[in-house]
file data-v7.txt (compact mmCIF, C-alpha atoms)
# COMPACT_ATOMS: atom_id res chain seq x y z
CA MET C 26 53.48 -19.46 -88.52
CA SER C 27 53.76 -21.74 -91.48
CA THR C 28 57.12 -21.72 -93.22
CA THR C 29 55.87 -23.25 -96.45
CA GLY C 30 53.30 -22.45 -99.07
CA ALA C 31 52.46 -19.35 -101.05
CA SER C 32 49.58 -17.94 -99.02
CA ALA C 33 50.24 -14.93 -96.87
CA ASP C 34 50.31 -15.37 -93.10
CA PRO C 35 49.03 -12.64 -90.81
CA PRO C 36 51.77 -10.53 -89.23
CA PRO C 37 53.12 -11.75 -85.88
CA SER C 38 51.51 -8.91 -83.91
CA SER C 39 48.02 -9.98 -85.03
CA ARG C 40 48.42 -13.48 -83.64
CA THR C 41 49.16 -13.05 -79.94
CA GLY C 42 47.05 -15.30 -77.81
CA SER C 43 46.45 -17.61 -80.75
CA GLY C 44 47.99 -20.64 -79.10
CA LYS C 45 50.92 -20.72 -81.50
CA GLY C 46 53.53 -20.24 -78.81
CA ASP C 47 56.33 -17.81 -79.57
CA PRO C 48 55.66 -16.40 -83.06
CA LEU C 49 58.89 -14.40 -83.14
CA ALA C 50 60.93 -17.51 -82.38
CA ALA C 51 59.13 -19.25 -85.23
CA LEU C 52 60.42 -16.58 -87.60
CA GLY C 53 63.94 -17.55 -86.62
CA SER C 54 63.46 -20.87 -88.36
CA LEU C 55 62.65 -19.32 -91.74
CA PRO C 56 65.16 -20.13 -94.50
CA GLY C 57 68.23 -17.91 -94.37
CA VAL C 58 67.38 -16.20 -91.07
CA ALA C 59 69.87 -18.18 -88.99
CA GLU C 60 72.59 -17.27 -91.49
CA SER C 61 71.64 -13.58 -91.25
CA VAL C 62 71.74 -13.74 -87.45
CA GLU C 63 75.19 -15.34 -87.50
CA SER C 64 76.52 -12.84 -90.03
CA VAL C 65 75.29 -9.96 -87.88
CA ARG C 66 76.88 -11.46 -84.78
CA LYS C 67 80.25 -11.70 -86.52
CA ALA C 68 80.02 -8.10 -87.76
CA VAL C 69 79.13 -6.83 -84.29
CA ASP C 70 81.91 -8.87 -82.67
CA ARG C 71 84.36 -7.40 -85.17
CA VAL C 72 83.72 -3.81 -84.19
CA TYR C 73 83.51 -4.56 -80.46
CA GLY C 74 86.80 -6.39 -80.68
CA HIS C 75 88.64 -3.44 -82.23
CA ARG C 76 91.38 -2.07 -80.01
CA VAL C 77 90.05 1.51 -80.34
CA MET C 78 86.73 0.42 -78.78
CA ARG C 79 88.55 -0.47 -75.58
CA ARG C 80 89.84 3.07 -75.15
CA ARG C 81 87.50 5.40 -77.04
CA SER C 82 84.12 3.70 -77.14
CA ASN C 83 82.29 6.89 -76.15
CA GLU C 84 83.60 8.62 -79.27
CA ILE C 85 82.50 5.71 -81.45
CA THR C 86 79.05 5.77 -79.86
CA SER C 87 78.67 9.52 -80.47
CA GLU C 88 79.79 9.21 -84.07
CA ALA C 89 77.48 6.25 -84.66
CA ALA C 90 74.56 8.27 -83.28
CA LEU C 91 75.25 11.12 -85.67
CA ARG C 92 75.65 8.84 -88.66
CA GLY C 93 72.58 6.84 -87.71
CA ALA C 94 70.45 9.99 -87.50
CA ARG C 95 71.76 11.11 -90.88
CA GLY C 96 70.88 7.75 -92.41
CA SER C 97 67.38 7.68 -90.97
CA ALA C 98 66.69 11.23 -92.13
CA ALA C 99 67.93 10.33 -95.64
CA LEU C 100 65.31 7.59 -95.87
CA SER C 101 62.69 10.16 -94.87
CA GLY C 102 63.70 12.57 -97.61
CA ALA C 103 66.47 14.64 -96.02
CA ASP C 104 69.58 13.17 -97.64
CA TRP C 105 72.31 15.48 -96.33
CA ALA C 106 76.04 15.01 -96.40
CA LEU C 107 77.47 14.08 -93.02
CA GLU C 108 79.53 17.26 -92.83
CA GLU C 109 76.40 19.32 -93.44
CA VAL C 110 74.77 17.66 -90.43
CA ARG C 111 77.83 18.49 -88.33
CA ARG C 112 77.89 22.09 -89.52
CA ARG C 113 74.23 23.01 -89.16
CA THR C 114 72.76 24.37 -85.97
CA ASP C 115 69.37 25.46 -87.31
CA PHE C 116 67.04 22.55 -87.96
CA GLY C 117 63.80 24.47 -88.29
CA ALA C 118 64.28 26.35 -91.54
CA ASP C 119 62.45 24.02 -93.94
CA GLY C 120 61.00 20.54 -94.26
CA GLU C 121 64.30 18.74 -94.76
CA ALA C 122 65.92 20.58 -91.87
CA ARG C 123 63.00 19.69 -89.61
CA THR C 124 63.28 16.04 -90.63
CA MET C 125 66.98 16.06 -89.81
CA GLY C 126 66.32 17.75 -86.50
CA ALA C 127 63.69 15.13 -85.64
CA ALA C 128 66.12 12.31 -86.46
CA LEU C 129 68.80 13.83 -84.25
CA ARG C 130 66.37 14.31 -81.37
CA LEU C 131 65.16 10.73 -81.64
CA THR C 132 68.67 9.31 -81.62
CA ALA C 133 69.44 11.28 -78.46
CA GLU C 134 66.18 10.21 -76.83
CA ALA C 135 66.51 6.50 -77.61
CA GLY C 136 69.14 5.90 -74.96
CA GLN C 137 66.86 7.34 -72.28
CA LEU C 138 64.07 4.87 -73.05
CA LEU C 139 65.86 1.52 -73.00
CA SER C 140 64.69 0.57 -69.51
CA VAL C 141 61.07 1.46 -70.28
CA TRP C 142 60.76 -0.40 -73.59
CA ARG C 143 60.25 -3.95 -72.30
CA GLN C 144 57.66 -2.85 -69.72
CA SER C 145 55.76 -0.27 -71.76
CA PRO C 146 56.57 -0.18 -75.47
CA LEU C 147 53.46 1.87 -76.31
CA ARG C 148 54.57 4.53 -73.87
CA VAL C 149 57.99 4.59 -75.54
CA LEU C 150 56.48 4.88 -79.02
CA ALA C 151 54.25 7.75 -77.90
CA ARG C 152 57.27 9.49 -76.42
CA LEU C 153 59.28 8.99 -79.60
CA HIS C 154 56.55 10.55 -81.70
CA LEU C 155 56.23 13.45 -79.29
CA VAL C 156 59.97 14.08 -79.59
CA ALA C 157 59.98 13.72 -83.37
CA ALA C 158 56.95 15.96 -83.89
CA ALA C 159 58.01 18.60 -81.37
CA ASP C 160 57.68 21.32 -83.99
CA LYS C 161 54.21 20.27 -85.12
CA ALA C 162 50.81 21.30 -83.82
CA GLY C 163 47.91 18.90 -83.52
CA HIS C 164 47.76 15.25 -82.54
CA VAL C 165 51.25 14.29 -81.41
CA GLY C 166 52.36 11.62 -78.99
CA ARG C 167 49.39 9.32 -79.56
CA PRO C 168 48.30 6.86 -82.27
CA ARG C 169 45.95 8.19 -84.93
CA GLN C 170 42.18 7.87 -84.79
CA GLU C 171 39.79 6.97 -87.59
CA GLY C 172 39.79 9.58 -90.33
CA GLU C 173 42.98 11.33 -89.25
CA PRO C 174 45.42 11.74 -92.15
CA VAL C 175 48.94 10.36 -92.16
CA ASP C 176 51.83 12.33 -93.64
CA GLU C 177 54.24 9.59 -94.74
CA PRO C 178 54.68 10.16 -98.48
CA LEU C 179 57.70 7.91 -98.93
CA VAL C 180 55.81 4.77 -97.86
CA GLY C 181 53.12 4.11 -100.44
CA LEU C 182 51.68 0.90 -99.01
CA GLU C 183 47.99 0.66 -98.24
CA LEU C 184 47.29 2.26 -94.87
CA PRO C 185 45.49 0.04 -92.36
CA GLY C 186 42.37 1.50 -90.79
CA ALA C 187 42.60 2.88 -87.27
CA ALA C 188 40.82 -0.09 -85.68
CA GLU C 189 43.14 -2.62 -87.32
CA MET C 190 46.15 -0.47 -86.52
CA HIS C 191 45.28 -0.21 -82.82
CA GLY C 192 44.71 -3.96 -82.58
CA ARG C 193 47.98 -4.82 -84.23
CA LEU C 194 49.86 -2.19 -82.24
CA ASP C 195 48.51 -3.70 -79.02
CA GLY C 196 49.56 -7.12 -80.30
CA LEU C 197 53.07 -5.89 -81.01
CA ALA C 198 53.29 -4.44 -77.49
CA GLU C 199 52.16 -7.78 -76.05
CA LEU C 200 54.90 -9.58 -77.95
CA VAL C 201 57.55 -7.18 -76.64
CA ILE C 202 56.34 -7.40 -73.05
CA ALA C 203 56.04 -11.20 -73.14
CA GLY C 204 59.58 -11.54 -74.46
CA SER C 205 60.83 -14.08 -76.93
CA SER C 206 63.61 -16.57 -77.47
CA ALA C 207 64.04 -15.10 -80.95
CA PRO C 208 67.38 -13.48 -81.81
CA ALA C 209 67.49 -9.71 -81.34
CA LEU C 210 67.70 -9.21 -85.10
CA VAL C 211 64.35 -10.96 -85.61
CA THR C 212 62.60 -8.94 -82.90
CA ALA C 213 64.09 -5.67 -84.14
CA ALA C 214 63.07 -6.42 -87.73
CA VAL C 215 59.49 -7.23 -86.73
CA VAL C 216 59.16 -4.10 -84.60
CA HIS C 217 60.56 -1.98 -87.42
CA GLY C 218 58.46 -3.62 -90.14
CA GLU C 219 55.23 -3.59 -88.19
CA LEU C 220 55.51 0.09 -87.29
CA LEU C 221 56.20 1.01 -90.90
CA ALA C 222 53.31 -1.15 -92.09
CA LEU C 223 50.89 0.33 -89.55
CA ARG C 224 52.09 3.95 -89.60
CA PRO C 225 50.35 4.51 -86.26
CA PHE C 226 51.11 8.22 -86.00
CA ALA C 227 50.10 11.21 -88.08
CA SER C 228 53.72 11.82 -89.11
CA HIS C 229 57.35 10.70 -88.65
CA ASN C 230 56.51 7.00 -88.67
CA GLY C 231 59.66 6.03 -90.55
CA LEU C 232 61.89 7.87 -88.11
CA VAL C 233 60.05 6.36 -85.14
CA ALA C 234 60.19 2.83 -86.60
CA ARG C 235 63.93 3.00 -87.18
CA THR C 236 64.50 4.39 -83.68
CA ALA C 237 62.47 1.54 -82.22
CA GLU C 238 64.65 -0.90 -84.14
CA ARG C 239 67.69 0.77 -82.59
CA ILE C 240 66.18 0.46 -79.10
CA VAL C 241 65.63 -3.28 -79.57
CA LEU C 242 69.15 -3.88 -80.87
CA VAL C 243 70.75 -1.92 -78.04
CA GLY C 244 68.42 -3.05 -75.25
CA SER C 245 68.74 -6.71 -76.22
CA GLY C 246 72.48 -6.63 -75.56
CA LEU C 247 73.40 -7.29 -79.17
CA ASP C 248 74.79 -3.76 -79.49
CA PRO C 249 74.91 -2.39 -75.93
CA LYS C 250 77.11 0.58 -76.79
CA ALA C 251 74.98 1.56 -79.81
CA VAL C 252 77.88 1.44 -82.27
CA CYS C 253 76.20 -0.56 -85.06
CA PRO C 254 73.65 1.91 -86.45
CA ALA C 255 71.27 -0.01 -88.71
CA GLU C 256 70.00 3.32 -90.04
CA VAL C 257 73.35 3.79 -91.79
CA GLY C 258 72.93 0.46 -93.52
CA HIS C 259 69.31 1.06 -94.49
CA ALA C 260 70.34 4.32 -96.13
CA GLU C 261 73.31 2.73 -97.88
CA LEU C 262 71.16 -0.08 -99.28
CA GLY C 263 68.85 2.59 -100.67
CA ARG C 264 65.22 3.58 -100.42
CA GLU C 265 64.12 1.38 -103.31
CA ALA C 266 65.53 -1.77 -101.72
CA TYR C 267 64.17 -0.70 -98.34
CA LEU C 268 60.62 -0.34 -99.64
CA ALA C 269 60.84 -3.55 -101.67
CA ALA C 270 61.92 -5.47 -98.56
CA LEU C 271 59.12 -3.83 -96.58
CA GLU C 272 56.62 -5.07 -99.15
CA GLY C 273 57.91 -8.57 -98.41
CA TYR C 274 57.21 -8.05 -94.72
CA VAL C 275 53.72 -6.75 -95.39
CA SER C 276 52.97 -9.73 -97.64
CA GLY C 277 53.24 -12.00 -94.60
CA THR C 278 54.70 -14.83 -96.70
CA PRO C 279 57.61 -16.82 -95.31
CA GLU C 280 59.79 -15.66 -98.21
CA GLY C 281 58.83 -12.03 -97.72
CA MET C 282 59.36 -12.10 -93.98
CA ALA C 283 62.73 -13.80 -94.35
CA ALA C 284 63.80 -11.26 -96.96
CA TRP C 285 62.87 -8.36 -94.66
CA ILE C 286 64.80 -9.86 -91.75
CA ALA C 287 67.79 -10.45 -94.01
CA HIS C 288 67.56 -6.85 -95.24
CA CYS C 289 67.57 -5.56 -91.66
CA GLY C 290 70.49 -7.85 -90.86
CA ARG C 291 72.49 -6.50 -93.76
CA ALA C 292 71.74 -2.97 -92.54
CA VAL C 293 73.16 -3.80 -89.10
CA GLU C 294 76.25 -5.30 -90.72
CA LEU C 295 76.80 -2.14 -92.74
CA GLY C 296 76.35 -0.03 -89.62
CA ALA C 297 78.96 -2.14 -87.86
CA ARG C 298 81.28 -1.77 -90.85
CA GLU C 299 80.85 2.01 -90.69
CA SER C 300 81.91 2.10 -87.05
CA THR C 301 84.81 -0.24 -87.76
CA ALA C 302 85.98 2.28 -90.36
CA VAL C 303 85.66 5.06 -87.77
CA CYS C 304 87.79 2.98 -85.39
CA GLU C 305 90.41 2.53 -88.10
CA ALA C 306 90.43 6.26 -88.82
CA LEU C 307 90.90 7.11 -85.15
CA GLN C 308 93.68 4.54 -84.86
CA ARG C 309 95.52 6.04 -87.83
CA GLY C 310 95.14 9.49 -86.33
CA ALA C 311 96.55 8.31 -82.99
CA ALA C 312 99.51 6.53 -84.58
call {"tool": "encode", "arguments": {"input": "data-v7.txt", "output": "structure tokens"}}
result
Amino acid sequence: MSTTGASADPPPSSRTGSGKGDPLAALGSLPGVAESVESVRKAVDRVYGHRVMRRRSNEITSEAALRGARGSAALSGADWALEEVRRRTDFGADGEARTMGAALRLTAEAGQLLSVWRQSPLRVLARLHLVAAADKAGHVGRPRQEGEPVDEPLVGLELPGAAEMHGRLDGLAELVIAGSSAPALVTAAVVHGELLALRPFASHNGLVARTAERIVLVGSGLDPKAVCPAEVGHAELGREAYLAALEGYVSGTPEGMAAWIAHCGRAVELGARESTAVCEALQRGAA
């Protein structure tokens, strides 16, 4: 991938087998990406180094899962207060409730799929959609075919045709299976951005994309206890900024790609900050 010039480059997943080596690693050399990676590492180290994590990490993980699901659902149109998510038991009453229920199911499922991701990412993505769309009839658990509609109203980007989508999805899977020397943040951002750009399923693509990002961050070892929920940060940064950064990814330009990676990095930092605050609250309560 070229790192200069104004013309758009094709997305990384469309260039496997092109003789360009490790395209994800190349993204790590874009301006500002190394700084984002370092900033994320410091934020993650901060929460993992908190004294409460040594004694009550399971509680932090559970709280991060809940807050992450809430954040992901907010970006998909179900912006509920955290206490409302805790209180509710019925997630099938209306559209927002079903979105929240799907986000909670995906967060719970993600931890069960970590070992499968590197060997069979397409299988994982199909499983995630099946879990998310459990209350829907029709074509669930498989990528869309030509002519099938996509219900993703909050992402207004041009929808790739089914043939292009399948090719790029296969390319993304090849990148994941082949592995990369790229930092986990770069890989997670590309997986997230590509799935949102492609919208491979008939519904719930945003929720699935953000869960896949979580799987990469946790499975890579950057956040092994899943206590730095990027979904929290994406929600805090806001839908407008999220979609603007996504447009940068879709543009394929070095500047756009770097901006998307930086946006995802900031989201991880905010997720880490959220869990650090939870640690502080638990410490005050124990004092």
call {"tool": "closest_residue", "arguments": {"input": "data-v7.txt", "among": "C:Ala284, C:Leu307, C:Ala198, C:Leu179", "to": "Pro56 in chain C", "atoms": "only C-alpha atoms"}}
result
C:Ala284
call {"tool": "closest_residue", "arguments": {"input": "data-v7.txt", "among": "C:Ala94, C:Glu199, C:Val156, C:Val62", "to": "Trp142 in chain C", "atoms": "only C-alpha atoms"}}
result
C:Glu199
call {"tool": "residues_around", "arguments": {"input": "data-v7.txt", "residues": "Gly204 in chain C", "least_positions_apart": "3", "cutoff": "9 Å", "atoms": "all atoms listed in the file", "output": "compact mmCIF listing (two decimals) with C-alpha atoms, in the coordinates of the input"}}
result
# COMPACT_ATOMS: atom_id res chain seq x y z
CA ASP C 47 56.33 -17.81 -79.57
CA ARG C 143 60.25 -3.95 -72.30
CA GLU C 199 52.16 -7.78 -76.05
CA LEU C 200 54.90 -9.58 -77.95
CA VAL C 201 57.55 -7.18 -76.64
CA ALA C 207 64.04 -15.10 -80.95
call {"tool": "closest_atom_pairs", "arguments": {"input": "data-v7.txt", "of": "range 144-225 of chain C", "to": "range 245-263 of chain C", "cutoff": "12 Å", "atoms": "only C-alpha atoms", "output": "JSON lines"}}
result
{"residue": "C:Val201", "atom": "CA", "partner": "C:Ser245", "partner_atom": "CA", "distance": 11.2}
{"residue": "C:Gly204", "atom": "CA", "partner": "C:Ser245", "partner_atom": "CA", "distance": 10.5}
{"residue": "C:Ser205", "atom": "CA", "partner": "C:Ser245", "partner_atom": "CA", "distance": 10.8}
{"residue": "C:Ser206", "atom": "CA", "partner": "C:Ser245", "partner_atom": "CA", "distance": 11.2}
{"residue": "C:Ala207", "atom": "CA", "partner": "C:Ser245", "partner_atom": "CA", "distance": 10.7}
{"residue": "C:Pro208", "atom": "CA", "partner": "C:Ser245", "partner_atom": "CA", "distance": 8.9}
{"residue": "C:Ala209", "atom": "CA", "partner": "C:Ser245", "partner_atom": "CA", "distance": 6.1}
{"residue": "C:Leu210", "atom": "CA", "partner": "C:Leu247", "partner_atom": "CA", "distance": 8.4}
{"residue": "C:Val211", "atom": "CA", "partner": "C:Ser245", "partner_atom": "CA", "distance": 11.2}
{"residue": "C:Thr212", "atom": "CA", "partner": "C:Ser245", "partner_atom": "CA", "distance": 9.3}
{"residue": "C:Ala213", "atom": "CA", "partner": "C:Ser245", "partner_atom": "CA", "distance": 9.2}
{"residue": "C:Ala214", "atom": "CA", "partner": "C:Ala255", "partner_atom": "CA", "distance": 10.5}
{"residue": "C:His217", "atom": "CA", "partner": "C:Ala255", "partner_atom": "CA", "distance": 11.0}
call {"tool": "atom_distance", "arguments": {"input": "data-v7.txt", "atom1": "CA of Gly120 in chain C", "atom2": "CA of Ala158 in chain C"}}
result
12.0 Å
call {"tool": "closest_residue", "arguments": {"input": "data-v7.txt", "among": "C:Gly117, C:Arg193, C:Val215, C:Ala188", "to": "Gly290 in chain C", "atoms": "only C-alpha atoms"}}
result
C:Val215
call {"tool": "closest_residue", "arguments": {"input": "data-v7.txt", "among": "C:Asp119, C:Gly218, C:Pro37, C:Thr236", "to": "Leu197 in chain C", "atoms": "all atoms listed in the file"}}
result
C:Pro37
call {"tool": "atom_distance", "arguments": {"input": "data-v7.txt", "atom1": "CA of Phe116 in chain C", "atom2": "CA of Asn230 in chain C"}}
result
18.8 Å
call {"tool": "closest_residue", "arguments": {"input": "data-v7.txt", "among": "C:Ala99, C:Ala302, C:Ala159, C:Ala297", "to": "Tyr267 in chain C", "atoms": "all atoms listed in the file"}}
result
C:Ala99
call {"tool": "axis_aligned_box", "arguments": {"input": "data-v7.txt", "around": "range 227-233 of chain C", "padding_each_side": "3 Å", "output": "AutoDock Vina command-line options"}}
result
--center_x 56.0 --center_y 8.9 --center_z -87.8 --size_x 17.8 --size_y 11.8 --size_z 11.4
call {"tool": "closest_residue", "arguments": {"input": "data-v7.txt", "among": "C:Leu194, C:Ala122, C:Ala103, C:Leu271", "to": "Leu223 in chain C", "atoms": "all atoms listed in the file"}}
result
C:Leu194
call {"tool": "atom_distance", "arguments": {"input": "data-v7.txt", "atom1": "CA of Val65 in chain C", "atom2": "CA of Ala157 in chain C"}}
result
28.6 Å
call {"tool": "residues_around", "arguments": {"input": "data-v7.txt", "residues": "Ser64 in chain C", "least_positions_apart": "4", "cutoff": "9 Å", "atoms": "only C-alpha atoms", "output": "number ranges by chain"}}
result
C: 59-60, 68-69, 290-291, 294
call {"tool": "write_last_selection", "arguments": {"input": "data-v7.txt", "atoms": "C-alpha atoms", "output": "PDB file, in the frame of the given file"}}
result
ATOM      1  CA  ALA C  59      69.870 -18.180 -88.990  1.00  0.00           C
ATOM      2  CA  GLU C  60      72.590 -17.270 -91.490  1.00  0.00           C
ATOM      3  CA  ALA C  68      80.020  -8.100 -87.760  1.00  0.00           C
ATOM      4  CA  VAL C  69      79.130  -6.830 -84.290  1.00  0.00           C
ATOM      5  CA  GLY C 290      70.490  -7.850 -90.860  1.00  0.00           C
ATOM      6  CA  ARG C 291      72.490  -6.500 -93.760  1.00  0.00           C
ATOM      7  CA  GLU C 294      76.250  -5.300 -90.720  1.00  0.00           C
TER       8      GLU C 294
END
call {"tool": "residues_near_point", "arguments": {"input": "data-v7.txt", "point": "(67.7, 5.3, -77.0)", "cutoff": "9 Å", "atoms": "only C-alpha atoms", "output": "PDB file with C-alpha atoms, keeping the file's coordinate frame"}}
result
ATOM      1  CA  LEU C 131      65.160  10.730 -81.640  1.00  0.00           C
ATOM      2  CA  THR C 132      68.670   9.310 -81.620  1.00  0.00           C
ATOM      3  CA  ALA C 133      69.440  11.280 -78.460  1.00  0.00           C
ATOM      4  CA  GLU C 134      66.180  10.210 -76.830  1.00  0.00           C
ATOM      5  CA  ALA C 135      66.510   6.500 -77.610  1.00  0.00           C
ATOM      6  CA  GLY C 136      69.140   5.900 -74.960  1.00  0.00           C
ATOM      7  CA  GLN C 137      66.860   7.340 -72.280  1.00  0.00           C
ATOM      8  CA  LEU C 138      64.070   4.870 -73.050  1.00  0.00           C
ATOM      9  CA  LEU C 139      65.860   1.520 -73.000  1.00  0.00           C
ATOM     10  CA  THR C 236      64.500   4.390 -83.680  1.00  0.00           C
ATOM     11  CA  ALA C 237      62.470   1.540 -82.220  1.00  0.00           C
ATOM     12  CA  ARG C 239      67.690   0.770 -82.590  1.00  0.00           C
ATOM     13  CA  ILE C 240      66.180   0.460 -79.100  1.00  0.00           C
ATOM     14  CA  VAL C 243      70.750  -1.920 -78.040  1.00  0.00           C
ATOM     15  CA  GLY C 244      68.420  -3.050 -75.250  1.00  0.00           C
ATOM     16  CA  ALA C 251      74.980   1.560 -79.810  1.00  0.00           C
TER      17      ALA C 251
END
call {"tool": "build_atoms", "arguments": {"input": "data-v7.txt", "residues": "range 272-289 of chain C", "atoms": "N, CA, C and O atoms", "output": "CSV table (one decimal), in the coordinates of the input"}}
result
chain,number,residue,atom,x,y,z
C,272,GLU,N,57.8,-4.4,-98.5
C,272,GLU,CA,56.6,-5.1,-99.2
C,272,GLU,C,56.6,-6.6,-98.9
C,272,GLU,O,55.6,-7.2,-98.7
C,273,GLY,N,57.8,-7.2,-98.8
C,273,GLY,CA,57.9,-8.6,-98.4
C,273,GLY,C,57.4,-8.8,-97.0
C,273,GLY,O,56.7,-9.8,-96.8
C,274,TYR,N,57.7,-7.9,-96.1
C,274,TYR,CA,57.2,-8.0,-94.7
C,274,TYR,C,55.7,-8.0,-94.7
C,274,TYR,O,55.0,-8.8,-94.1
C,275,VAL,N,55.2,-7.0,-95.4
C,275,VAL,CA,53.7,-6.8,-95.4
C,275,VAL,C,53.0,-7.9,-96.0
C,275,VAL,O,51.8,-8.2,-95.7
C,276,SER,N,53.6,-8.6,-97.0
C,276,SER,CA,53.0,-9.7,-97.6
C,276,SER,C,52.7,-10.8,-96.7
C,276,SER,O,51.7,-11.6,-96.9
C,277,GLY,N,53.4,-11.0,-95.6
C,277,GLY,CA,53.2,-12.0,-94.6
C,277,GLY,C,53.7,-13.4,-95.0
C,277,GLY,O,53.6,-14.3,-94.3
C,278,THR,N,54.2,-13.5,-96.2
C,278,THR,CA,54.7,-14.8,-96.7
C,278,THR,C,56.0,-15.2,-96.0
C,278,THR,O,56.8,-14.3,-95.6
C,279,PRO,N,56.3,-16.5,-95.9
C,279,PRO,CA,57.6,-16.8,-95.3
C,279,PRO,C,58.8,-16.2,-96.1
C,279,PRO,O,59.7,-15.7,-95.5
C,280,GLU,N,58.7,-16.2,-97.4
C,280,GLU,CA,59.8,-15.7,-98.2
C,280,GLU,C,59.9,-14.2,-98.0
C,280,GLU,O,61.0,-13.6,-97.9
C,281,GLY,N,58.8,-13.5,-97.9
C,281,GLY,CA,58.8,-12.0,-97.7
C,281,GLY,C,59.3,-11.7,-96.3
C,281,GLY,O,60.1,-10.7,-96.2
C,282,MET,N,58.9,-12.4,-95.3
C,282,MET,CA,59.4,-12.1,-94.0
C,282,MET,C,60.9,-12.4,-93.9
C,282,MET,O,61.6,-11.6,-93.3
C,283,ALA,N,61.3,-13.5,-94.4
C,283,ALA,CA,62.7,-13.8,-94.4
C,283,ALA,C,63.6,-12.8,-95.1
C,283,ALA,O,64.7,-12.4,-94.6
C,284,ALA,N,63.1,-12.3,-96.2
C,284,ALA,CA,63.8,-11.3,-97.0
C,284,ALA,C,63.9,-10.0,-96.2
C,284,ALA,O,64.9,-9.3,-96.2
C,285,TRP,N,62.8,-9.6,-95.5
C,285,TRP,CA,62.9,-8.4,-94.7
C,285,TRP,C,63.9,-8.5,-93.5
C,285,TRP,O,64.7,-7.6,-93.2
C,286,ILE,N,63.8,-9.7,-92.8
C,286,ILE,CA,64.8,-9.9,-91.8
C,286,ILE,C,66.2,-9.8,-92.3
C,286,ILE,O,67.1,-9.2,-91.6
C,287,ALA,N,66.5,-10.5,-93.4
C,287,ALA,CA,67.8,-10.4,-94.0
C,287,ALA,C,68.2,-9.0,-94.4
C,287,ALA,O,69.4,-8.6,-94.2
C,288,HIS,N,67.3,-8.2,-94.9
C,288,HIS,CA,67.6,-6.8,-95.2
C,288,HIS,C,68.0,-6.1,-94.0
C,288,HIS,O,69.0,-5.3,-94.0
C,289,CYS,N,67.2,-6.3,-92.9
C,289,CYS,CA,67.6,-5.6,-91.7
C,289,CYS,C,68.9,-6.0,-91.1
C,289,CYS,O,69.7,-5.3,-90.6
